[in-house]
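To start, the structure itself, in structure tokens.
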Amino acid sequence: MRGRLFTRALVKVKYDGRLKSYTDRIMIPDDQRVVINTMDMELLCNCSNCSKEVKYGDTWSSREWYDESGIWALPVCRDCHEKEMRDALNDH
Ligand SMILES: [Zn+2]
């Protein structure tokens, strides 16, 4: 199955692992496509942290950025994923 169907986040919320709570609530600009969910791994979307354009299939689930419900982790690019992992290790 291939298509352009996707669910886009309008808002992103930041989870602070140290405080164990959500700290920021940010409107995502209209010209950015932060995808919550799609079957299309080739779909171009924006990293939820640095806004870089990447294919959905080349993203990782963020440990910091979630959709408005706080349930769905938003996609981040490889660079931001690696930074999140380093930060998580440094917290312990
Ligand atoms: Zn990024």
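Going through the structure tokens in order, the chains are called A, B, and so on, while each chain numbers its residues from 1 and the ligands are numbered from 1 in the order shown.
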
Per-residue nearest contacts of chain A to ligand 1 (12 Å; only C-alpha atoms and all ligand atoms) as JSON lines:
```
{"residue": "A:Val34", "atom": "CA", "partner": "ligand 1", "partner_atom_place_in_ligand_line": "1 (Zn)", "distance": 11.3}
{"residue": "A:Cys45", "atom": "CA", "partner": "ligand 1", "partner_atom_place_in_ligand_line": "1 (Zn)", "distance": 10.9}
{"residue": "A:Asn46", "atom": "CA", "partner": "ligand 1", "partner_atom_place_in_ligand_line": "1 (Zn)", "distance": 7.9}
{"residue": "A:Cys47", "atom": "CA", "partner": "ligand 1", "partner_atom_place_in_ligand_line": "1 (Zn)", "distance": 4.7}
{"residue": "A:Ser48", "atom": "CA", "partner": "ligand 1", "partner_atom_place_in_ligand_line": "1 (Zn)", "distance": 6.7}
{"residue": "A:Asn49", "atom": "CA", "partner": "ligand 1", "partner_atom_place_in_ligand_line": "1 (Zn)", "distance": 5.0}
{"residue": "A:Cys50", "atom": "CA", "partner": "ligand 1", "partner_atom_place_in_ligand_line": "1 (Zn)", "distance": 4.1}
{"residue": "A:Ser51", "atom": "CA", "partner": "ligand 1", "partner_atom_place_in_ligand_line": "1 (Zn)", "distance": 6.0}
{"residue": "A:Lys52", "atom": "CA", "partner": "ligand 1", "partner_atom_place_in_ligand_line": "1 (Zn)", "distance": 5.6}
{"residue": "A:Glu53", "atom": "CA", "partner": "ligand 1", "partner_atom_place_in_ligand_line": "1 (Zn)", "distance": 8.4}
{"residue": "A:Val54", "atom": "CA", "partner": "ligand 1", "partner_atom_place_in_ligand_line": "1 (Zn)", "distance": 8.7}
{"residue": "A:Lys55", "atom": "CA", "partner": "ligand 1", "partner_atom_place_in_ligand_line": "1 (Zn)", "distance": 11.8}
{"residue": "A:Asp58", "atom": "CA", "partner": "ligand 1", "partner_atom_place_in_ligand_line": "1 (Zn)", "distance": 11.0}
{"residue": "A:Thr59", "atom": "CA", "partner": "ligand 1", "partner_atom_place_in_ligand_line": "1 (Zn)", "distance": 8.9}
{"residue": "A:Trp60", "atom": "CA", "partner": "ligand 1", "partner_atom_place_in_ligand_line": "1 (Zn)", "distance": 9.8}
{"residue": "A:Ser61", "atom": "CA", "partner": "ligand 1", "partner_atom_place_in_ligand_line": "1 (Zn)", "distance": 11.3}
{"residue": "A:Ser62", "atom": "CA", "partner": "ligand 1", "partner_atom_place_in_ligand_line": "1 (Zn)", "distance": 9.7}
{"residue": "A:Glu64", "atom": "CA", "partner": "ligand 1", "partner_atom_place_in_ligand_line": "1 (Zn)", "distance": 11.8}
{"residue": "A:Trp65", "atom": "CA", "partner": "ligand 1", "partner_atom_place_in_ligand_line": "1 (Zn)", "distance": 11.2}
{"residue": "A:Leu74", "atom": "CA", "partner": "ligand 1", "partner_atom_place_in_ligand_line": "1 (Zn)", "distance": 11.1}
{"residue": "A:Pro75", "atom": "CA", "partner": "ligand 1", "partner_atom_place_in_ligand_line": "1 (Zn)", "distance": 8.7}
{"residue": "A:Val76", "atom": "CA", "partner": "ligand 1", "partner_atom_place_in_ligand_line": "1 (Zn)", "distance": 5.2}
{"residue": "A:Cys77", "atom": "CA", "partner": "ligand 1", "partner_atom_place_in_ligand_line": "1 (Zn)", "distance": 4.2}
{"residue": "A:Arg78", "atom": "CA", "partner": "ligand 1", "partner_atom_place_in_ligand_line": "1 (Zn)", "distance": 6.7}
{"residue": "A:Asp79", "atom": "CA", "partner": "ligand 1", "partner_atom_place_in_ligand_line": "1 (Zn)", "distance": 5.7}
{"residue": "A:Cys80", "atom": "CA", "partner": "ligand 1", "partner_atom_place_in_ligand_line": "1 (Zn)", "distance": 4.4}
{"residue": "A:His81", "atom": "CA", "partner": "ligand 1", "partner_atom_place_in_ligand_line": "1 (Zn)", "distance": 7.3}
{"residue": "A:Glu82", "atom": "CA", "partner": "ligand 1", "partner_atom_place_in_ligand_line": "1 (Zn)", "distance": 9.5}
{"residue": "A:Lys83", "atom": "CA", "partner": "ligand 1", "partner_atom_place_in_ligand_line": "1 (Zn)", "distance": 9.2}
{"residue": "A:Glu84", "atom": "CA", "partner": "ligand 1", "partner_atom_place_in_ligand_line": "1 (Zn)", "distance": 10.1}
```

Atoms kept (C-alpha atoms) for selection, written as a PDB file, in the first residue's frame:
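Result saved to result_5.pdb:
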```pdb
ATOM      1  CA  VAL A  34       5.218  16.994  11.419  1.00  0.00           C
ATOM      2  CA  CYS A  45       8.148  15.485   6.663  1.00  0.00           C
ATOM      3  CA  ASN A  46       9.849  17.824   9.118  1.00  0.00           C
ATOM      4  CA  CYS A  47      11.825  16.776  12.177  1.00  0.00           C
ATOM      5  CA  SER A  48       9.757  17.738  15.219  1.00  0.00           C
ATOM      6  CA  ASN A  49      12.875  19.134  16.922  1.00  0.00           C
ATOM      7  CA  CYS A  50      15.061  20.913  14.315  1.00  0.00           C
ATOM      8  CA  SER A  51      12.518  21.118  11.438  1.00  0.00           C
ATOM      9  CA  LYS A  52      14.919  19.534   8.946  1.00  0.00           C
ATOM     10  CA  GLU A  53      13.131  17.836   6.038  1.00  0.00           C
ATOM     11  CA  VAL A  54      13.494  14.044   6.081  1.00  0.00           C
ATOM     12  CA  LYS A  55      11.690  10.970   4.789  1.00  0.00           C
ATOM     13  CA  ASP A  58      14.317   7.821   8.123  1.00  0.00           C
ATOM     14  CA  THR A  59      12.907   9.177  11.387  1.00  0.00           C
ATOM     15  CA  TRP A  60      12.935   7.903  14.969  1.00  0.00           C
ATOM     16  CA  SER A  61      10.303   8.318  17.658  1.00  0.00           C
ATOM     17  CA  SER A  62      11.251  11.264  19.824  1.00  0.00           C
ATOM     18  CA  GLU A  64      10.986  14.585  24.045  1.00  0.00           C
ATOM     19  CA  TRP A  65       8.335  15.676  21.555  1.00  0.00           C
ATOM     20  CA  LEU A  74       6.619  12.669  17.104  1.00  0.00           C
ATOM     21  CA  PRO A  75       9.332  11.849  14.532  1.00  0.00           C
ATOM     22  CA  VAL A  76      12.841  13.282  14.779  1.00  0.00           C
ATOM     23  CA  CYS A  77      15.784  13.108  12.363  1.00  0.00           C
ATOM     24  CA  ARG A  78      18.850  10.951  12.999  1.00  0.00           C
ATOM     25  CA  ASP A  79      20.907  13.869  14.409  1.00  0.00           C
ATOM     26  CA  CYS A  80      18.226  14.805  16.931  1.00  0.00           C
ATOM     27  CA  HIS A  81      17.650  11.154  17.844  1.00  0.00           C
ATOM     28  CA  GLU A  82      21.361  10.740  18.617  1.00  0.00           C
ATOM     29  CA  LYS A  83      21.359  13.918  20.711  1.00  0.00           C
ATOM     30  CA  GLU A  84      18.303  12.712  22.651  1.00  0.00           C
TER      31      GLU A  84
END
```

- Tell me, which residues of chain A carry DSSP alpha helix (DSSP H), written as JSON, numbers by chain? {"A": [78, 79, 80, 81, 82, 83, 84, 85, 86, 87, 88, 89, 90]}

- Message: as JSON, numbers by chain, please: the residues near segment 40-42 of chain A (cut-off 8 Å, only C-alpha atoms, same-chain neighbours under 2 positions excluded).
- Response: {"A": [2, 3, 4, 5, 6, 38, 44, 55, 56, 57, 58]}

Expected file: the selected residues, C-alpha atoms, as an mmCIF file, in the first residue's frame:
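Output (out_39.cif):
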```
data_model
loop_
_atom_site.group_PDB
_atom_site.id
_atom_site.type_symbol
_atom_site.label_atom_id
_atom_site.label_comp_id
_atom_site.auth_asym_id
_atom_site.auth_seq_id
_atom_site.Cartn_x
_atom_site.Cartn_y
_atom_site.Cartn_z
ATOM 1 C CA ARG A 2 1.343 3.358 -0.957
ATOM 2 C CA GLY A 3 -0.239 6.746 -0.729
ATOM 3 C CA ARG A 4 0.019 10.189 0.695
ATOM 4 C CA LEU A 5 -2.298 9.602 3.615
ATOM 5 C CA PHE A 6 -0.913 10.944 6.837
ATOM 6 C CA THR A 38 1.529 7.338 7.906
ATOM 7 C CA LEU A 44 8.751 14.025 3.240
ATOM 8 C CA LYS A 55 11.690 10.970 4.789
ATOM 9 C CA TYR A 56 9.291 9.555 7.345
ATOM 10 C CA GLY A 57 11.055 6.176 7.027
ATOM 11 C CA ASP A 58 14.317 7.821 8.123
#
```

- Min atom-atom distance to Tyr66 of chain A from the set A:Ala88, A:Leu19, A:Ile36, A:Ile28, counting only C-alpha atoms, belongs to A:Ile36

- Message: As an exercise, work out the distance from atom CA of Arg86 of chain A to atom CA of Gly70 of chain A in Å and give it to one decimal place.
- Response: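 That distance, rounded to one decimal, is 22.4 Å.
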
- Task: Name the residues of segment 10-83 of chain A that come out as strand (DSSP E or B) in a backbone DSSP run; write them as a PyMOL selection string.
- Result: chain A and resi 11-16+21-27+35-38+44-46+53-55+60-66+73-76

Would you export the selected residues with C-alpha atoms as a short mmCIF file (atom, residue, chain, number, x, y, z; two decimals), in the first residue's frame, please?
```cif
data_model
loop_
_atom_site.label_atom_id
_atom_site.label_comp_id
_atom_site.auth_asym_id
_atom_site.auth_seq_id
_atom_site.Cartn_x
_atom_site.Cartn_y
_atom_site.Cartn_z
CA VAL A 11 0.81 21.24 18.19
CA LYS A 12 3.83 19.64 19.83
CA VAL A 13 4.39 19.24 23.56
CA LYS A 14 7.76 18.70 25.20
CA TYR A 15 8.25 16.03 27.82
CA ASP A 16 10.97 16.64 30.40
CA SER A 21 6.07 16.32 33.14
CA TYR A 22 5.18 18.21 30.00
CA THR A 23 6.81 21.62 29.92
CA ASP A 24 6.21 23.37 26.58
CA ARG A 25 3.25 23.49 24.20
CA ILE A 26 4.20 24.87 20.79
CA MET A 27 2.07 25.53 17.69
CA VAL A 35 3.68 13.58 10.79
CA ILE A 36 2.10 11.60 13.62
CA ASN A 37 1.30 8.57 11.51
CA THR A 38 1.53 7.34 7.91
CA LEU A 44 8.75 14.02 3.24
CA CYS A 45 8.15 15.49 6.66
CA ASN A 46 9.85 17.82 9.12
CA GLU A 53 13.13 17.84 6.04
CA VAL A 54 13.49 14.04 6.08
CA LYS A 55 11.69 10.97 4.79
CA TRP A 60 12.94 7.90 14.97
CA SER A 61 10.30 8.32 17.66
CA SER A 62 11.25 11.26 19.82
CA ARG A 63 11.77 10.88 23.56
CA GLU A 64 10.99 14.59 24.04
CA TRP A 65 8.33 15.68 21.55
CA TYR A 66 4.77 14.37 21.63
CA ALA A 73 5.85 10.40 20.04
CA LEU A 74 6.62 12.67 17.10
CA PRO A 75 9.33 11.85 14.53
CA VAL A 76 12.84 13.28 14.78
#
```

- Using atom CA of Leu89 of chain A and atom CA of Gly17 of chain A as the two end points, give the distance in Å to one decimal.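 These atoms are spaced 11.6 Å apart.
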
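Coordinates place atom CA of Asp31 of chain A at a distance of 28.9 Å from atom CA of Asp87 of chain A.
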